[in-house]
Each structure stands twice: as C-alpha cells, then as structure tokens.
Amino acid sequence: DRAASAFGIDPGFWDIWGRYHTTTTEAKQAILRGLGFAADNLEELKRSFAALTRREWERLLPPAVVARESAETELVLNVPAESLGHRAQIVIRREDGSTAGFERNLWELPQTAHIEMDGRTWVRKQARLPISLPLGYHDITVKLGATSAATRYIVTPDRAWTAPHLGRGGRAAGVAVSLYGVRSARNWGCGDFGDLLEVVDWAAEDLGASFVALNPLHAIHNRRPFNTSPYLPNSSFYQNFLYLDIESMEDYARNRRALGLRQSPEVSAEIEALRGTPFVEYERVSALKLRFLKLLFAGFLREWRQGLARAREFQAFLEREGDLLERFATYCALDEHLHQRDPEVWLWTEWPGPYQDPSSEETRAFRKKHWRRVMFYQYLQWQIDIQLRRAQQRTRARHLSIGLYHDLALATDRFGSDLWAYRAFYVPGCRVGSPPDDFSPNGQDWAFPPPNADRHREDGYRLFAESIRKNCRHGGALRIDHVMRLFRLYWIPDGFDASHGAYVRQLSEDFVRILALESVRNQVVVVGEDLGTVEPAVRDALASFGILSYRLFYFEKNERGEFRRYEEYPRQALVSSTTHDLATLAGFWVGADIEARRRAGMIDEPSYRSQIESRARDKQKMLDVLSETGLLPPDLARSAADYPDLSAELHNAIVGFLALTPSQLLAINQEDLTKELEQQNLP
C-alpha cells in the first residue's frame, strides 16, 4: 500500500452509482511492475524503496521545477552533510539566451529536511534567488565542488488565456465538423483544407459563427483493418497528409507532369468514384494522393538543390521542428520501405530488431541512405503547416473571433510512431480505459499504454509541452480530450478486464500549469472535456485555471435527476448538443444508439429494455424543462410519447435552450444542424 501510494495508485474509487471499488493487491503489484518497481514480495519491496529513496536524495537538483509567475525563484538542493561548508555556484540561462549568475553559502541556507542513508547524512536546503523570471522555459545549473546538475525551470501563469470578448461577459458559437467526412465536388474523396476554407466562408456568411471546431487532424496510418480513428493517432504531434488540398499546392502549379496525370481518364474516374463512396476510402485516397505528392516533391527537390527561396523556407521549417519531425519522418519512411519489402509486415513491432530502436546505428544508416524518402515526409508536414495557416488566416479575414478550434486526442496508437520514437514515455504492461458506468456497463478498454508522468518530468516536460504547442498552432481554441488525464487515468493491467483497473494520479499541477503557459503564449482558449467519472476537485481545479468545462445537454441533471434549467449552466464552459461519439439529438430521441448497442451484442435483452425505459423517462424530463422555460408552445408541451420522432419544434427548442445558457461557448455538431440519426463515431 505504501508503494502504491508513492506512485499515485488510488486505493479505490467511487463509481457513478455511488459504489466504492477497492483496488486489489494484484492490480497494485501489476501496475508497480509496469512502472519498474519490483513489488512481488517483502524483500523486493524493501530493495525498491531503498533505490527510490537513494535516487531522490542523491540528486542535487530535481529534473524540473514548475513555478508560478508571481512566486520567488527558488531551488531545492540535496547535498551531503560534509559539503555544507561549500559555496554553490548558480547560473540561470533564460529562454531568450541571457544569463545571470549567483553564489550561495550552503551553511547559510534554510534546511527543510535530512536523512541518514548508507552511513551518510543528506540535507535538503532551500535557495532563494533575487531574480524574477518571465513566463517560459529556463535552464538553471548548479555547481558544487566537482558535482554539477541542471534543472528546467518553467515559469507559468495562474490562468489560461481568455479571449478578450469572452472575458467581459461575451459569448461565442460555432459549428463542429468532421473534416474527413466533408463532401464536395472538388476534393478527392476525403474532406481537405480546401474544403475547410469553404466551410469557414459558410460558417461566417450563413451562420455568423465565431469558430469552426474540427476533429483531431493527427496523422493516422490510413489503412484498414488496422486503424483509421482520428482519436487513436499514429502521431499526436503531426497531421494527416490526407487533408492536403493537392491542387492548391504551389508545387502542383509548377509541375506539368502532375497536371497532365490529373487529367487522365484513369485518375479522373478514380477521383469521381472516391467522391461517391458511402465511407471515406482511406487506403485508396492515400494511394492516389501519395502518387501525386511524390511527383510534386521530386519537382521541389530540384528547387531545394538550387537553394531557391522556397528551399530556404523549408530549411527554416526543418530547423524549427528539429528531432521531433525527423523521428516521425524516419518512422514513416521505414514503415513504407519495410512494408514494400515484405507486404506481410504491418507494424513496427514486426520490424527487424535494430529498426525498432530509433537511435540504433542501423536506423541512423537507413536515414542517411534513404534521406530523400525521409525528407518527403518532412515536406508533407511543411505543406500541411502552410495550408493550415492559410485556413486560420481565412477565419481572421472572415472575422471569426476564435477561428479554428482544434482537438487533441487522449490516445496514441501503440503501433504508431509516438510509441516507436518515445517508448520510455509510456508504461508497459498496462492499458488506459474507463471504469463501468451507464454508458459502458462493463467499462472500456482503450488498448493503448498510459503515459509515464515521471519520465515526462525527467525530460523537463518537453514532449508534453510540444503536444500542446503543436495542436495549438494555427487555431484559437483547443479541446483536450479526456482532460482528466492531467489528474488521473484509469489503468488496466495486462491480464485484467476493464472492471478491475485502478486510478493512477498524475503530476496534475505541473501539467495544468504548462497547459496554461502554452495557452497564454499561443492565445488559445482551452476546453477540457470533463465527461464521465469526474471528481468535483478536478472541475474546481480546471475552473481556477480558466479552463472551460465541457457540458452536454444529455448529462446536465440536478440531484433529483431532472434536467437543469438553462440559467443553471456554468458560465466558464462550452455547451453542446452532443459529441463525436454520442448519439445525435434525433438519434437519441429514437434510441438509435441503444439499438446499435443491442445489435453489437454489448447489452442483453434485460439491459436493452432497461435502457429503453430510462430513455423514455429522460425524454419526458427534457420535454418538461423545455416547457417550463417557455421554449415550447403550450399546445406542444405534452407527453414525450406523442413524439415518436424528434420534431422540428422540439429540435429547435433544444438548440435554443443551449443558446440561452450563460456558458461562454456553444458548439453544434454538423449532424445536429441537419437532424441526422447516425452519429459520427460508434464506439
């Protein structure tokens, strides 16, 4: 139990029905093993605790310090008692490159703790420095005799950014769109950034909207039957090239071969067929677009060799992206190369051993030999950056006060580039999910590994900051999917089902403060998706940092089980009719989601009947609250049984109800604009 507590493993949790679930000893041991802490017997526990304590005290400085902007610059130093007569030399290197130096007599510093360990005494000292550091990422180095250490000192604001017009009681509304599903007479079978420009124009002219909310644009593998979900990305740092509008690329206009190929009967027929398919044909669209993109890259490569202006722009992009993009592009190149060599090889876990290590000599040799292929995937991200910037600029030209609203997925595919490139940042032997609730009575197993918070801290939170920064870019709002990740996640050890997992705490204040810092720097409003089993303290903490809550009409009920009146909704929130993976308003009314669960075998007949009866009660309660607030004419305010389908009057009343809430943002999903029965994503 002490070991579990030290690593943030909760002893148990309360479910939504008010039942307490105790974390089993077996689950605690399995999670501790995944964290590298041997805990199968008493002797292992003793050795593991000793190693943990030694590691903490023998470190002169912590790997990272996350501080408040208004706080004094302070350092915690761990030193052996025999060094107390020494002077510590401290150098601060600010983010802008400027430096400041200080010396401190260790014997004069306040002592906060001490420990006897391996026959030596270690002392903890507190050093306050007479310097105020601005918001940002700074580096502090301390030298003590022959010992030196460095820490990343991150200065953060107390609140995330608030758009000026929202901070003065203003509100804003927008439409949520799945870009991949947008149909047009000009795209190649998948909604693209050219379509996004038209969606922005439509949102501005016909809707008077303030933002266009998008699905996660993350890179995925674009192949079936493996994974095409935007919420389980290949990479959470980079985007899917399927969204590129090829015909608007500068290299397309310069490349006659591509122009000629585009006009061929074969290509025209394929594009026309892809536009007409009922589902997005990821593999076919991907194959067609790659064919053209490689032609365009070959043309660009000639410019790059000549050192022309665009080549210099590309080089500047590569320097800004650095190792993060190089690793992603290397993964993409290896994935393509090894699958071409052996069509049965689909996953990096099936690659030859040396290629499974991004830092191996063999991987470096591959990158050097196949530099053109690697550069091609870097070029694609450059083109995506150009087109996404253009889309956000269009929102500004069209006076959308927020513009693009991006979405950062919780997950990352365990067979994707993030796991290949940064395996140490994930915990093996466990998966992330959620405990049983009324939405999923058996719990949910999302089948991807949890993040290793301690490893992120060791790295100075660089990867975490990049994940926020990359998804803030070219937008005015960012939705954090499953924002509880910043506080705790539900871990399911291998060999256990979703009903026997445990909640594991995160370094929540550090993560939330860095999120606030990136929000302020990028001037992006942050929305935290806080649905599901959420502790009240989580919502309180998010509210204190100015992060908007995420409220859905379906779920907002009072303690009596009645739907809240619109004036009872929180102001600091985004309110919406539904999400990408819940029923549409029309689908909810006819129970389409319940019927789908029965067809999929997720519920038995008694559960099916129970859910249908519960839905009938909810529909009546919805009708009651709409009537009480005057949004339905008296002659329409009858029994829900009188409405077998969601009528136009009822539909408009629900949307009007949401528009009347004091919440700062309102988002209506595209399916609820057109009263669709089918939802975007059916878990």
# chains A, B, ... in the order shown; residues from 1 in each chain; ligands from 1
>>> select_by_dssp(residues="range 155-331 of chain A", states="strand (DSSP E or B)", output="PyMOL selection string")
chain A and resi 155-156+172-177+211-214+218-219+223+227+235-239
>>> write_last_selection(atoms="C-alpha atoms", output="PDB file, in the first residue's frame")
ATOM      1  CA  VAL A 155       7.534  29.785 -15.109  1.00  0.00           C
ATOM      2  CA  THR A 156       3.786  29.595 -15.663  1.00  0.00           C
ATOM      3  CA  ALA A 172     -19.452  32.804 -28.935  1.00  0.00           C
ATOM      4  CA  ALA A 173     -20.951  29.990 -31.000  1.00  0.00           C
ATOM      5  CA  GLY A 174     -19.621  27.691 -33.672  1.00  0.00           C
ATOM      6  CA  VAL A 175     -20.138  24.527 -35.656  1.00  0.00           C
ATOM      7  CA  ALA A 176     -18.287  21.241 -35.087  1.00  0.00           C
ATOM      8  CA  VAL A 177     -17.263  19.465 -38.278  1.00  0.00           C
ATOM      9  CA  PHE A 211     -15.375  29.263 -34.697  1.00  0.00           C
ATOM     10  CA  VAL A 212     -15.203  26.019 -36.653  1.00  0.00           C
ATOM     11  CA  ALA A 213     -14.458  23.045 -34.383  1.00  0.00           C
ATOM     12  CA  LEU A 214     -12.545  20.198 -36.052  1.00  0.00           C
ATOM     13  CA  HIS A 218      -3.466  13.833 -36.215  1.00  0.00           C
ATOM     14  CA  ALA A 219      -1.520  11.578 -38.563  1.00  0.00           C
ATOM     15  CA  ARG A 223      -5.262   1.749 -43.773  1.00  0.00           C
ATOM     16  CA  ASN A 227      -6.864   1.850 -37.578  1.00  0.00           C
ATOM     17  CA  SER A 235       1.374  10.637 -34.065  1.00  0.00           C
ATOM     18  CA  SER A 236      -0.174  13.253 -31.793  1.00  0.00           C
ATOM     19  CA  PHE A 237       2.425  15.821 -32.933  1.00  0.00           C
ATOM     20  CA  TYR A 238       1.849  15.797 -36.702  1.00  0.00           C
ATOM     21  CA  GLN A 239      -1.119  15.795 -39.063  1.00  0.00           C
TER      22      GLN A 239
END
>>> residues_around(residues="range 420-432 of chain A", least_positions_apart="5", cutoff="6 Å", atoms="only C-alpha atoms", output="PyMOL selection string")
chain A and resi 34+358+446-452+455+490-494
>>> write_last_selection(atoms="N, CA, C and O atoms", output="PDB file, in the first residue's frame")
ATOM      1  N   GLY A  34       4.883  -2.482 -13.996  1.00  0.00           N
ATOM      2  CA  GLY A  34       4.959  -1.689 -15.222  1.00  0.00           C
ATOM      3  C   GLY A  34       5.769  -0.417 -15.037  1.00  0.00           C
ATOM      4  O   GLY A  34       6.439   0.053 -15.958  1.00  0.00           O
ATOM      5  N   PRO A 358      14.815   3.741 -32.491  1.00  0.00           N
ATOM      6  CA  PRO A 358      15.039   4.946 -33.299  1.00  0.00           C
ATOM      7  C   PRO A 358      16.464   5.478 -33.228  1.00  0.00           C
ATOM      8  O   PRO A 358      16.878   6.255 -34.102  1.00  0.00           O
ATOM      9  N   TRP A 446      -9.346   0.931 -23.782  1.00  0.00           N
ATOM     10  CA  TRP A 446      -8.967   1.666 -24.986  1.00  0.00           C
ATOM     11  C   TRP A 446      -7.672   1.154 -25.620  1.00  0.00           C
ATOM     12  O   TRP A 446      -7.239   1.664 -26.660  1.00  0.00           O
ATOM     13  N   ALA A 447      -7.037   0.197 -24.984  1.00  0.00           N
ATOM     14  CA  ALA A 447      -5.953  -0.594 -25.599  1.00  0.00           C
ATOM     15  C   ALA A 447      -4.694   0.187 -25.956  1.00  0.00           C
ATOM     16  O   ALA A 447      -3.937  -0.233 -26.812  1.00  0.00           O
ATOM     17  N   PHE A 448      -4.450   1.303 -25.296  1.00  0.00           N
ATOM     18  CA  PHE A 448      -3.174   1.993 -25.509  1.00  0.00           C
ATOM     19  C   PHE A 448      -2.502   2.201 -24.149  1.00  0.00           C
ATOM     20  O   PHE A 448      -3.178   2.273 -23.121  1.00  0.00           O
ATOM     21  N   PRO A 449      -1.183   2.272 -24.111  1.00  0.00           N
ATOM     22  CA  PRO A 449      -0.483   2.346 -22.832  1.00  0.00           C
ATOM     23  C   PRO A 449      -0.590   3.722 -22.185  1.00  0.00           C
ATOM     24  O   PRO A 449      -0.673   4.738 -22.877  1.00  0.00           O
ATOM     25  N   PRO A 450      -0.592   3.773 -20.853  1.00  0.00           N
ATOM     26  CA  PRO A 450      -0.653   5.065 -20.164  1.00  0.00           C
ATOM     27  C   PRO A 450       0.681   5.809 -20.236  1.00  0.00           C
ATOM     28  O   PRO A 450       1.740   5.194 -20.400  1.00  0.00           O
ATOM     29  N   PRO A 451       0.640   7.127 -20.103  1.00  0.00           N
ATOM     30  CA  PRO A 451       1.883   7.902 -20.101  1.00  0.00           C
ATOM     31  C   PRO A 451       2.643   7.701 -18.797  1.00  0.00           C
ATOM     32  O   PRO A 451       2.059   7.442 -17.745  1.00  0.00           O
ATOM     33  N   ASN A 452       3.949   7.827 -18.885  1.00  0.00           N
ATOM     34  CA  ASN A 452       4.817   7.734 -17.709  1.00  0.00           C
ATOM     35  C   ASN A 452       5.119   9.155 -17.243  1.00  0.00           C
ATOM     36  O   ASN A 452       6.000   9.833 -17.785  1.00  0.00           O
ATOM     37  N   ARG A 455       8.673  10.043 -16.241  1.00  0.00           N
ATOM     38  CA  ARG A 455       9.601  10.204 -17.382  1.00  0.00           C
ATOM     39  C   ARG A 455       9.425  11.574 -18.029  1.00  0.00           C
ATOM     40  O   ARG A 455      10.397  12.189 -18.459  1.00  0.00           O
ATOM     41  N   TYR A 490      -7.402   5.906 -15.632  1.00  0.00           N
ATOM     42  CA  TYR A 490      -7.812   4.567 -15.218  1.00  0.00           C
ATOM     43  C   TYR A 490      -6.938   3.554 -15.950  1.00  0.00           C
ATOM     44  O   TYR A 490      -7.002   3.439 -17.174  1.00  0.00           O
ATOM     45  N   TRP A 491      -6.085   2.854 -15.188  1.00  0.00           N
ATOM     46  CA  TRP A 491      -5.151   1.881 -15.762  1.00  0.00           C
ATOM     47  C   TRP A 491      -5.710   0.472 -15.585  1.00  0.00           C
ATOM     48  O   TRP A 491      -6.213   0.112 -14.512  1.00  0.00           O
ATOM     49  N   ILE A 492      -5.566  -0.322 -16.649  1.00  0.00           N
ATOM     50  CA  ILE A 492      -5.993  -1.720 -16.630  1.00  0.00           C
ATOM     51  C   ILE A 492      -4.751  -2.579 -16.856  1.00  0.00           C
ATOM     52  O   ILE A 492      -4.189  -2.583 -17.957  1.00  0.00           O
ATOM     53  N   PRO A 493      -4.265  -3.289 -15.836  1.00  0.00           N
ATOM     54  CA  PRO A 493      -3.069  -4.121 -16.035  1.00  0.00           C
ATOM     55  C   PRO A 493      -3.349  -5.261 -17.017  1.00  0.00           C
ATOM     56  O   PRO A 493      -4.483  -5.750 -17.118  1.00  0.00           O
ATOM     57  N   ASP A 494      -2.335  -5.665 -17.763  1.00  0.00           N
ATOM     58  CA  ASP A 494      -2.468  -6.813 -18.658  1.00  0.00           C
ATOM     59  C   ASP A 494      -2.955  -8.019 -17.861  1.00  0.00           C
ATOM     60  O   ASP A 494      -2.499  -8.271 -16.737  1.00  0.00           O
TER      61      ASP A 494
END
>>> residues_around(residues="Phe314 in chain A", least_positions_apart="4", cutoff="12 Å", atoms="only C-alpha atoms", output="ChimeraX atom specification")
/A:297,300-301,303-305,307-310,318-321,375-376,378-383,385-386
>>> write_last_selection(atoms="C-alpha atoms", output="PDB file, in the first residue's frame")
ATOM      1  CA  PHE A 297       8.230  16.533 -54.109  1.00  0.00           C
ATOM      2  CA  PHE A 300      10.533  20.655 -55.256  1.00  0.00           C
ATOM      3  CA  LEU A 301      13.761  18.699 -54.736  1.00  0.00           C
ATOM      4  CA  GLU A 303      14.482  23.769 -56.281  1.00  0.00           C
ATOM      5  CA  TRP A 304      15.938  22.631 -52.967  1.00  0.00           C
ATOM      6  CA  ARG A 305      19.213  21.663 -54.648  1.00  0.00           C
ATOM      7  CA  GLY A 307      18.926  26.805 -52.887  1.00  0.00           C
ATOM      8  CA  LEU A 308      15.990  28.947 -54.016  1.00  0.00           C
ATOM      9  CA  ALA A 309      13.817  30.978 -51.621  1.00  0.00           C
ATOM     10  CA  ARG A 310      11.272  28.201 -51.000  1.00  0.00           C
ATOM     11  CA  LEU A 318      13.053  21.739 -40.515  1.00  0.00           C
ATOM     12  CA  GLU A 319      15.208  23.643 -38.026  1.00  0.00           C
ATOM     13  CA  ARG A 320      12.124  24.728 -36.043  1.00  0.00           C
ATOM     14  CA  GLU A 321      10.746  21.176 -35.898  1.00  0.00           C
ATOM     15  CA  MET A 375      12.653  14.340 -46.449  1.00  0.00           C
ATOM     16  CA  PHE A 376       9.479  13.584 -48.413  1.00  0.00           C
ATOM     17  CA  GLN A 378       9.047  16.194 -43.702  1.00  0.00           C
ATOM     18  CA  TYR A 379       7.938  18.039 -46.851  1.00  0.00           C
ATOM     19  CA  LEU A 380       4.357  16.805 -46.346  1.00  0.00           C
ATOM     20  CA  GLN A 381       4.241  18.299 -42.850  1.00  0.00           C
ATOM     21  CA  TRP A 382       5.591  21.581 -44.213  1.00  0.00           C
ATOM     22  CA  GLN A 383       2.793  21.696 -46.775  1.00  0.00           C
ATOM     23  CA  ASP A 385       1.559  23.717 -41.971  1.00  0.00           C
ATOM     24  CA  ILE A 386       1.213  26.130 -44.905  1.00  0.00           C
TER      25      ILE A 386
END
>>> residues_around(residues="Val524 in chain A", least_positions_apart="3", cutoff="7 Å", atoms="only C-alpha atoms", output="JSON, numbers by chain")
{"A": [161, 472, 475, 476, 477, 478, 519, 520]}
>>> select_by_dssp(residues="range 182-431 of chain A", states="alpha helix (DSSP H)", output="ChimeraX atom specification")
/A:193-202,250-254,256-262,265-276,282-306,309-341,361-369,371-397,417-421
>>> closest_residue(among="A:Val625, A:Val538, A:Ala592, A:Leu259", to="Arg564 in chain A", atoms="only C-alpha atoms")
A:Val625
>>> decode(residues="range 625-652 of chain A", atoms="N, CA, C and O atoms", output="short mmCIF file (atom, residue, chain, number, x, y, z; two decimals), in the first residue's frame")
data_model
loop_
_atom_site.label_atom_id
_atom_site.label_comp_id
_atom_site.auth_asym_id
_atom_site.auth_seq_id
_atom_site.Cartn_x
_atom_site.Cartn_y
_atom_site.Cartn_z
N VAL A 625 -38.57 20.33 -19.07
CA VAL A 625 -37.73 21.51 -18.87
C VAL A 625 -37.88 22.49 -20.02
O VAL A 625 -37.85 23.71 -19.82
N LEU A 626 -38.09 21.99 -21.24
CA LEU A 626 -38.30 22.88 -22.38
C LEU A 626 -39.62 23.62 -22.24
O LEU A 626 -39.74 24.80 -22.63
N SER A 627 -40.62 22.95 -21.68
CA SER A 627 -41.93 23.59 -21.48
C SER A 627 -41.86 24.63 -20.37
O SER A 627 -42.37 25.75 -20.51
N GLU A 628 -41.21 24.25 -19.27
CA GLU A 628 -41.11 25.16 -18.11
C GLU A 628 -40.40 26.46 -18.47
O GLU A 628 -40.70 27.52 -17.91
N THR A 629 -39.44 26.37 -19.35
CA THR A 629 -38.66 27.57 -19.71
C THR A 629 -39.28 28.32 -20.88
O THR A 629 -38.68 29.28 -21.39
N GLY A 630 -40.47 27.89 -21.34
CA GLY A 630 -41.19 28.62 -22.37
C GLY A 630 -40.65 28.44 -23.77
O GLY A 630 -40.99 29.23 -24.67
N LEU A 631 -39.83 27.43 -23.98
CA LEU A 631 -39.26 27.23 -25.31
C LEU A 631 -40.15 26.40 -26.22
O LEU A 631 -39.89 26.29 -27.42
N LEU A 632 -41.20 25.81 -25.65
CA LEU A 632 -42.18 25.09 -26.46
C LEU A 632 -43.54 25.76 -26.27
O LEU A 632 -43.93 26.09 -25.15
N PRO A 633 -44.30 25.95 -27.33
CA PRO A 633 -45.66 26.50 -27.19
C PRO A 633 -46.50 25.57 -26.32
O PRO A 633 -46.31 24.35 -26.34
N PRO A 634 -47.45 26.10 -25.56
CA PRO A 634 -48.25 25.27 -24.65
C PRO A 634 -48.94 24.10 -25.35
O PRO A 634 -49.07 23.02 -24.78
N ASP A 635 -49.38 24.30 -26.61
CA ASP A 635 -50.09 23.22 -27.29
C ASP A 635 -49.17 22.09 -27.71
O ASP A 635 -49.63 21.00 -28.08
N LEU A 636 -47.82 22.33 -27.63
CA LEU A 636 -46.87 21.26 -27.96
C LEU A 636 -46.33 20.57 -26.72
O LEU A 636 -45.74 19.50 -26.81
N ALA A 637 -46.51 21.18 -25.57
CA ALA A 637 -45.91 20.64 -24.34
C ALA A 637 -46.78 19.52 -23.78
O ALA A 637 -47.55 19.72 -22.84
N ARG A 638 -46.68 18.34 -24.38
CA ARG A 638 -47.48 17.21 -23.96
C ARG A 638 -46.56 16.07 -23.52
O ARG A 638 -45.44 16.29 -23.11
N SER A 639 -47.02 14.85 -23.66
CA SER A 639 -46.22 13.69 -23.29
C SER A 639 -45.20 13.38 -24.37
O SER A 639 -45.48 13.51 -25.57
N ALA A 640 -44.02 12.93 -23.94
CA ALA A 640 -42.98 12.55 -24.90
C ALA A 640 -43.45 11.42 -25.80
O ALA A 640 -42.98 11.28 -26.94
N ALA A 641 -44.39 10.61 -25.31
CA ALA A 641 -44.90 9.50 -26.12
C ALA A 641 -45.65 10.00 -27.35
O ALA A 641 -45.85 9.25 -28.31
N ASP A 642 -46.05 11.28 -27.35
CA ASP A 642 -46.74 11.85 -28.52
C ASP A 642 -45.78 12.19 -29.65
O ASP A 642 -46.22 12.59 -30.73
N TYR A 643 -44.44 12.04 -29.38
CA TYR A 643 -43.43 12.41 -30.38
C TYR A 643 -42.57 11.18 -30.70
O TYR A 643 -41.52 10.97 -30.09
N PRO A 644 -43.02 10.33 -31.64
CA PRO A 644 -42.20 9.15 -31.99
C PRO A 644 -40.86 9.54 -32.58
O PRO A 644 -39.86 8.83 -32.42
N ASP A 645 -40.81 10.68 -33.26
CA ASP A 645 -39.56 11.22 -33.81
C ASP A 645 -39.33 12.61 -33.23
O ASP A 645 -40.25 13.24 -32.69
N LEU A 646 -38.10 13.08 -33.37
CA LEU A 646 -37.78 14.43 -32.89
C LEU A 646 -38.30 15.44 -33.89
O LEU A 646 -37.76 15.59 -34.99
N SER A 647 -39.36 16.13 -33.53
CA SER A 647 -39.96 17.10 -34.45
C SER A 647 -39.06 18.32 -34.60
O SER A 647 -38.16 18.56 -33.78
N ALA A 648 -39.32 19.10 -35.64
CA ALA A 648 -38.54 20.32 -35.87
C ALA A 648 -38.69 21.27 -34.70
O ALA A 648 -37.73 21.93 -34.28
N GLU A 649 -39.91 21.35 -34.12
CA GLU A 649 -40.14 22.26 -32.99
C GLU A 649 -39.31 21.84 -31.78
O GLU A 649 -38.70 22.69 -31.12
N LEU A 650 -39.29 20.54 -31.52
CA LEU A 650 -38.51 20.05 -30.38
C LEU A 650 -37.02 20.26 -30.61
O LEU A 650 -36.29 20.68 -29.72
N HIS A 651 -36.59 19.95 -31.80
CA HIS A 651 -35.16 20.09 -32.13
C HIS A 651 -34.71 21.53 -31.96
O HIS A 651 -33.69 21.82 -31.33
N ASN A 652 -35.50 22.45 -32.50
CA ASN A 652 -35.14 23.87 -32.41
C ASN A 652 -35.21 24.37 -30.97
O ASN A 652 -34.42 25.24 -30.57
#
